[in-house]
$ cat data.cif   # mmCIF, C-alpha atoms and all ligand atoms
data_start
#
loop_
_atom_site.label_atom_id
_atom_site.label_comp_id
_atom_site.auth_asym_id
_atom_site.auth_seq_id
_atom_site.Cartn_x
_atom_site.Cartn_y
_atom_site.Cartn_z
CA MET E 1 53.16 77.69 91.83
CA SER E 2 50.13 75.46 91.62
CA SER E 3 49.97 72.67 94.15
CA VAL E 4 48.42 72.72 97.61
CA GLN E 5 51.05 72.64 100.34
CA THR E 6 50.84 72.87 104.09
CA ALA E 7 53.35 74.19 106.57
CA PRO E 8 51.85 73.46 109.99
CA GLU E 9 54.18 75.13 112.46
CA THR E 10 54.47 78.44 110.57
CA GLU E 11 50.96 79.57 111.53
CA SER E 12 52.66 81.54 114.29
CA ARG E 13 54.50 83.77 111.82
CA ALA E 14 51.25 85.09 110.33
CA ARG E 15 49.82 85.47 113.81
CA ALA E 16 52.86 87.45 114.98
CA LEU E 17 52.56 89.75 111.96
CA ALA E 18 48.85 90.25 112.59
CA ALA E 19 49.59 91.18 116.20
CA ALA E 20 52.28 93.65 115.10
CA GLN E 21 49.86 95.12 112.58
CA ALA E 22 47.31 95.68 115.34
CA ASP E 23 50.05 97.42 117.36
CA TYR E 24 51.24 99.82 114.69
CA LEU E 25 48.37 100.38 112.26
CA PHE E 26 44.96 102.00 112.59
CA PRO E 27 42.30 99.50 113.61
CA TRP E 28 40.40 99.97 110.35
CA VAL E 29 43.27 98.24 108.54
CA ARG E 30 41.46 94.99 109.20
CA PRO E 31 42.36 91.80 107.33
CA TYR E 32 39.96 89.03 106.28
CA TYR E 33 39.73 85.71 108.20
CA SER E 34 39.67 84.66 111.84
CA GLU E 35 43.41 83.87 111.50
CA PRO E 36 44.74 86.68 109.26
CA LEU E 37 46.51 85.60 106.09
CA ALA E 38 49.93 87.22 105.54
CA LEU E 39 50.92 87.15 101.86
CA SER E 40 54.46 87.54 100.65
CA GLU E 41 54.76 86.35 97.01
CA GLY E 42 52.65 86.06 93.91
CA GLU E 43 52.74 84.99 90.29
CA GLY E 44 49.79 85.10 87.90
CA VAL E 45 46.73 83.85 89.81
CA TRP E 46 48.82 82.22 92.57
CA VAL E 47 49.96 83.74 95.85
CA ARG E 48 52.08 82.34 98.65
CA ASP E 49 51.83 83.26 102.32
CA VAL E 50 54.67 83.86 104.75
CA ASP E 51 54.38 80.26 105.85
CA GLY E 52 54.90 78.90 102.36
CA ASP E 53 51.31 77.85 101.63
CA GLU E 54 49.98 78.52 98.13
CA TYR E 55 46.57 79.88 97.28
CA LEU E 56 44.64 80.24 94.05
CA ASP E 57 43.57 83.89 94.01
CA LEU E 58 40.10 84.52 92.58
CA PHE E 59 39.80 87.97 94.16
CA ALA E 60 42.97 89.59 92.77
CA GLY E 61 43.50 92.12 95.57
CA ILE E 62 39.90 93.33 95.10
CA LEU E 63 39.71 92.99 91.30
CA THR E 64 42.98 94.86 90.91
CA THR E 65 45.79 92.58 89.69
CA SER E 66 44.04 92.54 86.33
CA VAL E 67 46.88 90.94 84.38
CA GLY E 68 48.13 88.76 87.23
CA HIS E 69 50.49 89.10 90.18
CA CYS E 70 53.96 90.25 89.17
CA ASN E 71 53.08 90.33 85.47
CA PRO E 72 56.51 90.32 83.75
CA ALA E 73 55.65 93.06 81.21
CA VAL E 74 54.44 95.37 83.99
CA LEU E 75 57.48 94.55 86.14
CA ASP E 76 59.87 95.32 83.28
CA ALA E 77 58.17 98.64 82.54
CA VAL E 78 58.22 99.71 86.19
CA ARG E 79 61.82 98.61 86.72
CA ASP E 80 62.95 100.42 83.59
CA GLN E 81 61.14 103.62 84.59
CA MET E 82 62.53 103.53 88.15
CA GLU E 83 66.05 103.33 86.80
CA ARG E 84 65.54 106.31 84.51
CA LEU E 85 63.41 108.78 86.48
CA GLY E 86 61.26 108.05 89.52
CA HIS E 87 59.55 111.22 90.56
CA THR E 88 59.07 114.65 89.03
CA SER E 89 55.75 115.97 90.45
CA ALA E 90 53.06 117.33 88.18
CA LEU E 91 55.01 120.60 87.76
CA TYR E 92 56.85 119.14 84.76
CA VAL E 93 55.75 117.57 81.51
CA THR E 94 56.43 113.85 81.24
CA GLU E 95 55.86 111.89 78.08
CA GLY E 96 54.75 108.87 80.12
CA GLN E 97 51.71 110.67 81.52
CA ILE E 98 50.65 111.93 78.08
CA GLU E 99 51.03 108.47 76.55
CA ALA E 100 49.04 106.93 79.39
CA ALA E 101 46.19 109.42 78.82
CA ARG E 102 46.36 108.79 75.09
CA ALA E 103 46.16 105.02 75.67
CA LEU E 104 43.07 105.52 77.82
CA ALA E 105 41.44 107.81 75.23
CA GLU E 106 41.86 105.04 72.67
CA ILE E 107 39.59 102.70 74.63
CA THR E 108 37.13 105.03 76.39
CA PRO E 109 33.73 105.41 74.74
CA GLY E 110 32.90 108.24 72.31
CA SER E 111 34.28 111.67 73.06
CA LEU E 112 35.69 110.90 76.53
CA ARG E 113 39.36 111.75 76.05
CA THR E 114 40.63 114.22 78.67
CA THR E 115 42.13 112.69 81.81
CA CYS E 116 43.10 113.78 85.30
CA PHE E 117 45.35 111.25 87.05
CA THR E 118 45.34 110.68 90.81
CA ASN E 119 46.44 107.84 93.08
CA SER E 120 43.28 105.98 94.06
CA GLY E 121 39.65 105.37 93.30
CA THR E 122 38.70 107.70 96.14
CA GLU E 123 40.59 110.59 94.58
CA ALA E 124 39.24 109.78 91.13
CA VAL E 125 35.67 109.98 92.49
CA GLU E 126 36.51 113.25 94.28
CA ALA E 127 37.90 114.68 91.04
CA ALA E 128 34.82 113.59 89.09
CA VAL E 129 32.46 115.25 91.56
CA ALA E 130 34.58 118.42 91.66
CA THR E 131 34.59 118.53 87.85
CA ALA E 132 30.81 118.08 87.65
CA ARG E 133 30.25 120.77 90.27
CA LEU E 134 32.56 123.23 88.51
CA TYR E 135 31.07 122.53 85.07
CA THR E 136 27.44 122.79 86.12
CA GLY E 137 27.87 125.44 88.82
CA ARG E 138 25.70 123.18 90.97
CA HIS E 139 26.37 121.18 94.11
CA GLU E 140 23.98 118.30 94.69
CA ILE E 141 24.94 114.75 93.71
CA VAL E 142 22.49 111.89 93.32
CA ALA E 143 24.21 108.62 94.19
CA LEU E 144 22.84 105.11 94.72
CA ARG E 145 22.09 103.31 97.95
CA LEU E 146 24.41 100.39 98.69
CA SER E 147 27.19 102.04 96.68
CA TYR E 148 30.83 102.18 97.79
CA SER E 149 32.81 105.21 96.63
CA GLY E 150 35.83 105.46 98.93
CA ARG E 151 37.03 106.54 102.34
CA SER E 152 37.56 110.31 102.16
CA THR E 153 34.93 112.49 103.81
CA LEU E 154 33.02 113.15 100.58
CA THR E 155 33.26 109.63 99.17
CA SER E 156 32.33 108.09 102.50
CA HIS E 157 29.16 110.18 102.37
CA MET E 158 28.54 109.05 98.80
CA THR E 159 28.95 105.50 100.05
CA ALA E 160 25.57 104.18 101.10
CA GLN E 161 26.20 101.25 103.37
CA GLY E 162 26.05 102.42 106.97
CA ALA E 163 29.07 100.47 108.17
CA TRP E 164 31.38 102.04 105.57
CA ARG E 165 30.33 105.66 106.19
CA LEU E 166 32.32 107.95 108.45
CA PRO E 167 30.34 108.63 111.59
CA GLY E 168 28.78 112.04 112.09
CA GLY E 169 25.92 111.94 109.62
CA GLY E 170 27.40 114.36 107.08
CA THR E 171 25.97 114.45 103.59
CA ASP E 172 28.18 116.83 101.55
CA GLY E 173 25.20 117.53 99.27
CA VAL E 174 24.74 113.88 98.37
CA VAL E 175 21.34 112.19 98.20
CA HIS E 176 20.70 108.54 97.38
CA ALA E 177 18.26 106.81 95.06
CA ARG E 178 17.30 103.15 95.29
CA SER E 179 19.90 100.64 94.21
CA PRO E 180 18.86 98.85 90.98
CA TYR E 181 18.96 95.54 92.85
CA ALA E 182 16.58 93.38 90.84
CA TYR E 183 16.96 90.32 93.11
CA ARG E 184 15.63 92.29 96.07
CA SER E 185 13.20 94.53 94.21
CA PRO E 186 9.60 94.32 95.50
CA VAL E 187 8.37 94.23 91.89
CA GLY E 188 10.66 91.39 90.78
CA GLY E 189 13.35 91.54 88.15
CA GLY E 190 11.29 92.04 84.96
CA PRO E 191 10.78 95.23 82.94
CA GLU E 192 8.69 96.74 85.78
CA ALA E 193 11.84 96.76 87.90
CA THR E 194 13.41 99.44 85.73
CA ASP E 195 10.25 101.60 85.98
CA PHE E 196 10.38 101.15 89.74
CA PHE E 197 14.04 102.20 90.04
CA ILE E 198 13.70 105.09 87.62
CA ASP E 199 10.55 106.37 89.35
CA ASP E 200 12.51 106.37 92.58
CA LEU E 201 15.39 108.28 90.97
CA VAL E 202 12.95 110.95 89.79
CA GLU E 203 11.28 111.08 93.18
CA VAL E 204 14.61 111.47 94.98
CA ILE E 205 15.55 114.36 92.69
CA GLU E 206 12.14 115.98 93.09
CA THR E 207 11.90 115.56 96.85
CA THR E 208 15.43 115.67 98.26
CA THR E 209 17.23 118.10 95.93
CA GLY E 210 16.40 121.59 94.78
CA GLY E 211 15.72 120.12 91.32
CA LYS E 212 19.13 121.17 89.99
CA PRO E 213 21.52 118.29 90.64
CA ALA E 214 25.09 118.53 89.40
CA ALA E 215 25.28 114.82 88.60
CA PHE E 216 23.96 111.31 88.94
CA PHE E 217 26.82 109.11 90.14
CA ALA E 218 26.69 105.33 89.79
CA GLU E 219 28.91 102.27 89.74
CA THR E 220 28.01 100.42 86.55
CA ILE E 221 27.98 97.23 88.61
CA GLN E 222 27.79 97.81 92.36
CA GLY E 223 30.74 95.77 93.61
CA VAL E 224 30.99 96.12 97.39
CA ALA E 225 27.17 95.99 97.45
CA GLY E 226 27.46 92.40 96.22
CA VAL E 227 27.86 92.58 92.43
CA ILE E 228 24.54 94.23 91.62
CA VAL E 229 23.96 94.40 87.86
CA PRO E 230 21.24 96.95 86.93
CA PRO E 231 18.48 95.82 84.54
CA PRO E 232 19.10 96.08 80.76
CA ASP E 233 17.67 99.56 80.08
CA TYR E 234 18.42 101.12 83.47
CA PHE E 235 21.35 103.34 82.53
CA GLN E 236 19.81 104.61 79.29
CA ARG E 237 16.84 105.85 81.29
CA ALA E 238 18.82 107.08 84.30
CA ALA E 239 21.09 109.11 81.98
CA GLU E 240 18.02 110.61 80.28
CA VAL E 241 16.56 111.54 83.66
CA ILE E 242 19.66 113.29 85.00
CA ARG E 243 20.22 115.11 81.71
CA SER E 244 16.59 116.27 81.68
CA TYR E 245 17.38 117.99 84.99
CA GLY E 246 20.55 119.55 83.53
CA GLY E 247 22.96 117.28 85.41
CA LEU E 248 25.81 115.04 84.24
CA PHE E 249 26.07 111.27 84.38
CA ILE E 250 29.23 110.02 86.12
CA GLY E 251 29.98 106.32 85.69
CA ASP E 252 32.21 104.61 88.25
CA GLU E 253 34.24 101.91 86.49
CA VAL E 254 36.67 101.36 89.35
CA GLN E 255 35.66 97.68 89.59
CA ALA E 256 33.84 97.04 86.31
CA GLY E 257 36.35 98.65 83.94
CA PHE E 258 39.15 97.34 81.74
CA GLY E 259 37.50 94.37 80.10
CA ARG E 260 36.41 92.69 83.32
CA THR E 261 32.75 92.46 82.35
CA GLY E 262 33.58 90.81 79.01
CA GLU E 263 33.12 91.93 75.37
CA HIS E 264 33.66 95.62 76.11
CA TRP E 265 36.39 97.66 77.75
CA PHE E 266 33.97 99.29 80.18
CA GLY E 267 30.92 98.01 82.03
CA ILE E 268 28.71 100.89 80.90
CA GLU E 269 29.13 99.83 77.26
CA HIS E 270 26.80 96.89 77.97
CA TRP E 271 24.07 99.52 78.30
CA GLY E 272 25.20 101.49 75.23
CA VAL E 273 25.45 104.72 77.22
CA GLU E 274 28.26 107.26 77.11
CA PRO E 275 28.76 108.86 80.52
CA ASP E 276 29.82 112.50 80.76
CA ILE E 277 32.60 111.55 83.18
CA MET E 278 34.14 108.17 83.94
CA VAL E 279 36.06 107.14 87.06
CA MET E 280 38.70 104.39 87.03
CA ALA E 281 41.27 102.80 89.35
CA LYS E 282 42.03 99.24 90.59
CA GLY E 283 42.67 97.12 87.45
CA ILE E 284 43.97 100.11 85.46
CA ALA E 285 47.62 99.54 86.47
CA ASN E 286 47.68 96.03 87.93
CA GLY E 287 47.99 97.23 91.51
CA TYR E 288 50.19 100.30 91.12
CA PRO E 289 48.40 103.34 92.54
CA VAL E 290 46.48 105.09 89.77
CA GLY E 291 43.12 106.80 89.76
CA ALA E 292 41.82 108.32 86.54
CA THR E 293 38.93 110.67 85.85
CA VAL E 294 38.14 110.92 82.16
CA THR E 295 35.73 113.35 80.54
CA ARG E 296 35.03 115.40 77.43
CA PRO E 297 37.38 118.31 76.77
CA GLU E 298 34.72 120.98 77.26
CA ILE E 299 33.82 119.60 80.69
CA ALA E 300 37.48 119.41 81.75
CA GLU E 301 37.84 123.07 80.69
CA ALA E 302 35.67 124.03 83.65
CA TRP E 303 38.50 123.11 86.09
CA GLN E 304 41.25 125.63 85.46
CA GLY E 305 42.86 125.38 88.89
CA PRO E 306 45.36 125.98 90.26
CA SER E 307 45.30 122.43 91.58
CA ILE E 308 47.99 119.82 91.93
CA SER E 309 48.52 116.18 92.81
CA THR E 310 52.14 115.60 93.83
CA TYR E 311 52.06 111.91 92.91
CA GLY E 312 49.14 111.93 90.46
CA GLY E 313 50.39 110.89 87.01
CA ASN E 314 53.78 109.92 88.46
CA SER E 315 56.18 108.24 86.08
CA ILE E 316 56.23 104.83 87.76
CA SER E 317 52.47 104.45 87.99
CA MET E 318 52.13 105.70 84.41
CA ALA E 319 54.65 103.09 83.22
CA ALA E 320 52.61 100.43 85.03
CA LEU E 321 49.40 101.70 83.45
CA ARG E 322 50.81 101.71 79.91
CA ALA E 323 52.27 98.23 80.31
CA THR E 324 49.02 96.90 81.83
CA LEU E 325 46.94 98.32 78.98
CA GLY E 326 49.48 96.96 76.50
CA VAL E 327 49.09 93.45 77.90
CA MET E 328 45.30 93.82 78.00
CA ARG E 329 45.18 94.86 74.37
CA SER E 330 47.52 92.18 73.09
CA GLU E 331 45.63 89.51 75.06
CA ASP E 332 42.22 90.95 74.06
CA VAL E 333 40.99 90.79 77.65
CA PRO E 334 37.38 91.80 76.87
CA ALA E 335 37.05 88.64 74.73
CA ARG E 336 38.94 86.50 77.25
CA ALA E 337 36.81 87.76 80.15
CA ALA E 338 33.65 86.95 78.19
CA GLU E 339 34.84 83.38 77.59
CA ARG E 340 36.18 82.72 81.09
CA GLY E 341 33.17 84.57 82.54
CA ALA E 342 30.81 82.12 80.85
CA GLN E 343 32.86 79.23 82.26
CA LEU E 344 32.78 80.73 85.76
CA ARG E 345 29.07 81.46 85.56
CA ALA E 346 28.27 77.90 84.48
CA GLY E 347 30.28 76.54 87.42
CA LEU E 348 28.51 78.83 89.89
CA GLU E 349 25.05 78.05 88.46
CA ALA E 350 25.79 74.33 88.94
CA LEU E 351 26.61 75.04 92.59
CA ARG E 352 23.36 76.98 92.92
CA SER E 353 21.51 73.87 91.72
CA ALA E 354 23.35 71.80 94.34
CA HIS E 355 22.89 74.12 97.35
CA THR E 356 19.53 75.62 98.34
CA TRP E 357 21.30 78.30 100.39
CA ILE E 358 22.65 79.91 97.21
CA GLY E 359 19.85 82.35 96.41
CA ASP E 360 21.31 84.15 93.42
CA VAL E 361 24.26 84.05 91.06
CA ARG E 362 24.85 87.21 89.07
CA GLY E 363 27.44 89.36 87.37
CA LEU E 364 29.03 90.01 84.01
CA GLY E 365 32.20 88.39 82.71
CA LEU E 366 34.82 87.88 85.41
CA MET E 367 32.90 89.91 87.99
CA GLN E 368 30.49 87.48 89.62
CA GLY E 369 28.60 87.34 92.91
CA VAL E 370 26.96 84.48 94.80
CA GLU E 371 24.28 85.61 97.25
CA LEU E 372 23.63 83.40 100.26
CA VAL E 373 20.22 83.17 101.90
CA THR E 374 18.70 81.19 104.74
CA ASP E 375 15.78 80.27 102.50
CA ARG E 376 15.17 80.97 98.84
CA ALA E 377 11.53 82.04 99.11
CA ARG E 378 12.14 84.75 101.72
CA LYS E 379 15.60 85.66 100.44
CA THR E 380 16.78 86.29 104.01
CA PRO E 381 20.46 87.29 103.73
CA ASP E 382 22.85 84.77 105.30
CA GLY E 383 25.98 86.66 106.24
CA ASP E 384 27.01 83.99 108.74
CA ARG E 385 27.16 81.29 106.10
CA ALA E 386 29.02 83.61 103.73
CA GLY E 387 31.60 84.18 106.49
CA ALA E 388 31.92 80.42 106.99
CA LEU E 389 32.28 79.94 103.22
CA LEU E 390 35.09 82.50 103.04
CA GLU E 391 36.93 80.56 105.77
CA ALA E 392 36.18 77.19 104.13
CA ALA E 393 37.55 78.47 100.82
CA ARG E 394 40.74 79.43 102.60
CA GLU E 395 40.97 75.88 103.89
CA GLU E 396 40.80 74.84 100.22
CA ARG E 397 43.62 77.30 99.51
CA LEU E 398 41.31 79.56 97.54
CA LEU E 399 40.97 83.34 97.91
CA ILE E 400 37.56 84.88 97.28
CA GLY E 401 35.90 88.12 98.44
CA ARG E 402 32.79 89.12 100.31
CA GLY E 403 30.26 91.97 100.01
CA GLY E 404 26.63 92.92 100.46
CA LEU E 405 24.99 94.99 103.19
CA ASN E 406 24.91 91.92 105.44
CA GLY E 407 28.14 90.41 104.16
CA GLN E 408 25.97 87.79 102.44
CA VAL E 409 27.52 87.87 98.97
CA ILE E 410 30.64 86.02 97.85
CA ARG E 411 32.53 88.04 95.23
CA ILE E 412 34.73 86.51 92.58
CA GLY E 413 36.97 88.62 90.33
CA PRO E 414 40.26 86.99 89.31
CA SER E 415 43.00 88.19 86.98
CA LEU E 416 41.62 88.66 83.48
CA LEU E 417 44.39 86.40 82.21
CA ILE E 418 43.27 83.37 84.23
CA THR E 419 43.45 80.25 82.08
CA GLU E 420 40.66 77.74 81.51
CA GLU E 421 42.48 75.15 83.64
CA GLU E 422 43.15 77.57 86.49
CA LEU E 423 39.52 78.63 86.53
CA ASP E 424 38.36 75.01 86.49
CA GLU E 425 40.58 74.43 89.51
CA GLY E 426 39.11 77.53 91.20
CA ILE E 427 35.55 76.33 90.61
CA ARG E 428 36.51 72.88 91.91
CA ARG E 429 37.96 74.38 95.10
CA PHE E 430 34.95 76.67 95.54
CA GLY E 431 32.66 73.65 95.17
CA ALA E 432 34.69 71.79 97.79
CA ALA E 433 34.39 74.79 100.14
CA CYS E 434 30.61 74.85 99.59
CA ARG E 435 30.42 71.16 100.52
CA ARG E 436 32.42 71.83 103.71
CA ILE E 437 29.72 74.19 104.98
CA ASP E 438 26.67 72.36 103.60
CA GLY E 439 23.89 71.36 105.98
C1 LIG W 1 33.37 101.29 92.88
C2 LIG W 1 34.45 101.88 93.72
N1 LIG W 1 34.70 103.20 93.65
C3 LIG W 1 35.68 103.77 94.37
C4 LIG W 1 36.46 103.01 95.22
C5 LIG W 1 37.56 103.65 96.02
O1 LIG W 1 38.78 103.21 95.54
P1 LIG W 1 40.13 103.28 96.44
O2 LIG W 1 40.00 102.22 97.49
O3 LIG W 1 41.22 103.01 95.44
O4 LIG W 1 40.23 104.64 97.01
C6 LIG W 1 36.24 101.64 95.31
C7 LIG W 1 37.07 100.79 96.20
O5 LIG W 1 36.78 99.65 96.46
C8 LIG W 1 35.20 101.06 94.55
O6 LIG W 1 34.94 99.76 94.62
#
$ encode --input "data.cif" --output "structure tokens"
Amino acid sequence: MSSVQTAPETESRARALAAAQADYLFPWVRPYYSEPLALSEGEGVWVRDVDGDEYLDLFAGILTTSVGHCNPAVLDAVRDQMERLGHTSALYVTEGQIEAARALAEITPGSLRTTCFTNSGTEAVEAAVATARLYTGRHEIVALRLSYSGRSTLTSHMTAQGAWRLPGGGTDGVVHARSPYAYRSPVGGGPEATDFFIDDLVEVIETTTGGKPAAFFAETIQGVAGVIVPPPDYFQRAAEVIRSYGGLFIGDEVQAGFGRTGEHWFGIEHWGVEPDIMVMAKGIANGYPVGATVTRPEIAEAWQGPSISTYGGNSISMAALRATLGVMRSEDVPARAAERGAQLRAGLEALRSAHTWIGDVRGLGLMQGVELVTDRARKTPDGDRAGALLEAAREERLLIGRGGLNGQVIRIGPSLLITEEELDEGIRRFGAACRRIDG
């Protein structure tokens, strides 16, 4: 699957499906694009829609099909597991769950080795917060503005973009410090930026908590916010701050984990910091539903239960996880993502030189963002142009994502196994989409 094809009269099939979706599903299940895209097949970095058109996928189901659509090793593992034993519930011991946790412990930093499996990033965040609250005997959580943490009541209140929060103004004991968004920092992006963000973190703890927070919770790279990479010494200092107040540091690796940022398995390793708890999902099992919360044994001890997740750690998801990690290890995805990331970054920087409306290009490895502005000096976010670019990319048969408070950031995060040629083709199509909306 690699060539561009068109199938003019089938547009109606996708439209009919979109109409049926609107009939039967909650309105928040809202697809991208003015004419929704209905996908039916995939292989590697290619997907095909119900009308037979092929697309190069640089968004990977929101950074999730980490080793490619329908990866054969993952398919074999899942198929094999389904034929032997599908579901047991967490009431019984299964070797697959233990081996999955062991495989994670082999790549997580330092002494993080005890895992609680759930079915989504939302649940993994919930479990991390519950663990921190039980361990510290405290309640308040310091999160970051612009973060996205999920759609449950708690995680929606940890989320700090108004549009993604559940209405009602609840807080669930969560307060928010300034996002370490160097591009939009009033003091610029140099070393003073870190002082500025850390001062704000201290001020938020001092002024909006009782001074005894349970944890500081942060995405290592804020994804939905528009791929915000904190400055080089930010996490070292933020971890020192929260620990000086007796709280834990929880790192959210739902988007940045599993080699995506290049060189390391986890985003936080670029800062050389070991979180007390780590949260994972998305790329962990190539699209099968797994959330994982990993911590040190003594912290996990604090949660004795009883508690249960009927599907958490289920045999099929665990088989997918083990196979995904197996592929990642044999393909050395941290090294691959570093190499392909450099290629992607160079392509995006060249486009920034060609288009004045690209204000910033940022990211690590194969997690990159392109921020659109109406003018570079004022940095006024240009969500309208980003929307047009998303549509133009579709015209080029290219799938990309969008983020940022104003929808002004294009997000790119393909399968970690994308080849040099496929990525070149993706950059070429993205460039063609940029030219479509120029002027
Ligand atoms: C950083 C981060 N944390 C948590 C979540 C929630 O994950 P899920 O949608 O699997 O519940 C997301 C989802 O996009 C995320 O990006």
$ residues_near_ligand --input "data.cif" --ligand "ligand LIG 1 (chain W)" --cutoff "6 Å" --atoms "all atoms listed in the file" --output "number ranges by chain"
E: 120-122, 148-150, 219, 223, 252, 254-255
$ residues_around --input "data.cif" --residues "segment 83-95 of chain E" --least-positions-apart "6" --cutoff "7 Å" --atoms "all atoms listed in the file" --output "list in words"
Ile308, Ser309, Thr310, Tyr311, Asn314, Ser315 and Ile316 of chain E
$ closest_residue --input "data.cif" --among "E:Leu398, E:Ile358, E:Ala101, E:Ala163" --to "Ala225 of chain E" --atoms "all atoms listed in the file"
E:Ala163
$ closest_atom_pairs --input "data.cif" --of "segment 172-282 of chain E" --to "segment 371-381 of chain E" --cutoff "10 Å" --atoms "all atoms listed in the file" --output "CSV"
residue,atom,partner,partner_atom,distance
E:Tyr183,CA,E:Lys379,CA,8.8
E:Arg184,CA,E:Lys379,CA,7.9
E:Gly226,CA,E:Glu371,CA,7.6
E:Val227,CA,E:Glu371,CA,9.2
$ axis_aligned_box --input "data.cif" --around "segment 26-38 of chain E" --padding-each-side "8 Å" --output "lines of an AutoDock Vina configuration file"
center_x = 44.8
center_y = 92.9
center_z = 109.6
size_x = 26.3
size_y = 34.1
size_z = 24.1
$ closest_residue --input "data.cif" --among "E:Tyr24, E:Phe430, E:Trp46, E:Phe258" --to "Pro109 of chain E" --atoms "all atoms listed in the file"
E:Phe258
$ atom_distance --input "data.cif" --atom1 "atom CA of Ile299 of chain E" --atom2 "atom CA of Ala127 of chain E"
12.2 Å
$ residues_around --input "data.cif" --residues "His176 of chain E" --least-positions-apart "5" --cutoff "7 Å" --atoms "all atoms listed in the file" --output "number ranges by chain"
E: 142-145
$ build_atoms --input "data.cif" --residues "segment 189-201 of chain E" --atoms "N, CA and C atoms" --output "short mmCIF file (atom, residue, chain, number, x, y, z; two decimals), in the coordinates of the input"
data_model
loop_
_atom_site.label_atom_id
_atom_site.label_comp_id
_atom_site.auth_asym_id
_atom_site.auth_seq_id
_atom_site.Cartn_x
_atom_site.Cartn_y
_atom_site.Cartn_z
N GLY E 189 12.21 91.11 88.98
CA GLY E 189 13.35 91.54 88.15
C GLY E 189 12.99 91.85 86.71
N GLY E 190 11.70 91.81 86.36
CA GLY E 190 11.29 92.04 84.96
C GLY E 190 11.36 93.50 84.57
N PRO E 191 10.72 93.85 83.44
CA PRO E 191 10.78 95.23 82.94
C PRO E 191 10.21 96.24 83.93
N GLU E 192 9.25 95.79 84.80
CA GLU E 192 8.69 96.74 85.78
C GLU E 192 9.75 97.21 86.76
N ALA E 193 10.79 96.39 86.94
CA ALA E 193 11.84 96.76 87.90
C ALA E 193 12.49 98.08 87.47
N THR E 194 12.76 98.21 86.17
CA THR E 194 13.41 99.44 85.73
C THR E 194 12.50 100.64 86.00
N ASP E 195 11.19 100.50 85.69
CA ASP E 195 10.25 101.60 85.98
C ASP E 195 10.34 101.98 87.46
N PHE E 196 10.36 100.94 88.29
CA PHE E 196 10.38 101.15 89.74
C PHE E 196 11.62 101.93 90.17
N PHE E 197 12.79 101.51 89.65
CA PHE E 197 14.04 102.20 90.04
C PHE E 197 14.09 103.61 89.47
N ILE E 198 13.64 103.77 88.24
CA ILE E 198 13.70 105.09 87.62
C ILE E 198 12.70 106.05 88.29
N ASP E 199 11.52 105.52 88.63
CA ASP E 199 10.55 106.37 89.35
C ASP E 199 11.16 106.86 90.65
N ASP E 200 11.90 105.97 91.31
CA ASP E 200 12.51 106.37 92.58
C ASP E 200 13.58 107.44 92.35
N LEU E 201 14.35 107.28 91.28
CA LEU E 201 15.39 108.28 90.97
C LEU E 201 14.75 109.65 90.78
#
